[in-house]
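A short write-up of the structure that comes next.
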Amino acid sequence: RALVAALAMGVLGAAPAAAQDFGVMESAETIQRGNFKLVGYPMLVLGEDDADNTLGVVVRGGYGFTDRLDLEIGGAFYEDVTFLGANAEYWLLRAVPGSSGLNLSVRGGVHLAQGDDDAAVPDGTGLDLAALTSVRLSPRAELLAALDYTHTLRDEPLDDVGTLYLAPGLEYGISRNLDFLAEFGLGLDDGTPNYLSAGLAFYLR
């Protein structure tokens with residue numbers, strides 16, 4: 001409840017955003033203890049009001065520190081801006097292994113936004129918060145959903161920028177060490193563009 005309240009308060013005070021950074025692209029299950037994870041995917045941000053679509057590439061890497069906690073770092077590379085960030089995810093509610101019960105986790109992190117000088121995109125620093133849920137549909141497939149909030153601080157006279165997304169998705173296990181991920185990001189505040197993404201997650205166990 002506290003996380004949902006924080007997300008709602010943040011978006012009320014934030015100006016509309018024009019871009020997404022990393023998306024969510026993961027289930028509520030954290031990386032297993034002692035394992036590494038590498039994720040890569042394109043991010044297609046859908047332009048609104050006759051604006052062009054924007055295509056970026058995201059790469060993230062993470063490590064499972066405990067049975068409930070993992071840490072990740074990543075980069076999102078667009079034509080006119082680059083995001084660098086880090087986050088920690090904590091697994092709050094764990095379903096019984098092999099069941100179709102609900103998993104719930106929370107994720108928090110920070111990011112740097114560096115604009116292309118030629119494109120006049122301003123730099124900024126920001127906060128990323130997300131609540132993630134997932135339900136196993138079969139031994140290989142999981143249905144995912146997340147509430148994802150990002151707030152980027154910029155120097156005056158520019159306004160801060162915030163986005164709030166509902167992000168449903170799917171994760172499918174191709175093999176023991178390789179998963180396919182797909183996600184649709186629905187912008188919940190005015191001026192926030194929707195996005196599409198699909199990619200692969202590779203695990204080193």
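Ordered as shown in the structure tokens, chains take letters A, B, and onward, while each chain numbers its residues from 1 and ligands are numbered from 1 in the order shown.
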Taking the DSSP assignment computed from this structure's backbone, write out as a PyMOL selection string all residues of segment 51-120 of chain A that belong to strand (DSSP E or B). chain A and resi 54-64+69-77+81-93+102-115
Using only C-alpha atoms, determine which residues lie at most 9 Å from segment 64-70 of chain A, disregarding the query and same-chain residues fewer than 4 positions distant; provide the list as a PyMOL selection string. chain A and resi 29-37+87-92+105
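Among A:Val24, A:Leu153, A:Val161, A:Leu46, the residue with the shortest atom-to-atom distance to Glu72 of chain A, counting only C-alpha atoms, is A:Val24.
Between atom CA of Leu178 of chain A and atom CA of Ser134 of chain A lies a distance of 17.9 Å.
Minimum atom-to-atom distance to Asp21 of chain A, evaluated using only C-alpha atoms, belongs to A:Gly74 out of A:Pro122, A:Gly61, A:Gly101, A:Gly74.
Using only C-alpha atoms, the smallest distance between any of A:Leu132, A:Leu71, A:Leu55, A:Met25 and Glu183 of chain A comes from A:Met25.
Listed by chain and then by rising number, the residues of chain A that DSSP assigns to alpha helix (DSSP H) from the backbone are A:Ala2, A:Leu3, A:Val4, A:Ala5, A:Ala6, A:Leu7, A:Ala8, A:Met9, A:Gly10, A:Val11, A:Leu12.
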Counting only C-alpha atoms, which residues in segment 39-115 of chain A sit no more than 10 Å from segment 138-151 of chain A? For each one, give the nearest pair of atoms and the distance in Å, sorted by chain then residue number, as CSV.
residue,atom,partner,partner_atom,distance
A:Gly98,CA,A:Pro139,CA,7.0
A:Ser99,CA,A:Ser138,CA,8.8
A:Ser100,CA,A:Ser138,CA,7.9
A:Asn103,CA,A:Leu144,CA,9.6
A:Leu104,CA,A:Ala146,CA,9.5
A:Ser105,CA,A:Ala146,CA,9.5
A:Val106,CA,A:Ala146,CA,9.5
A:Arg107,CA,A:Asp148,CA,9.1
A:Gly108,CA,A:Tyr149,CA,9.6
A:Gly109,CA,A:Thr150,CA,9.5
A:Val110,CA,A:Thr150,CA,9.1
A:His111,CA,A:Thr150,CA,9.3
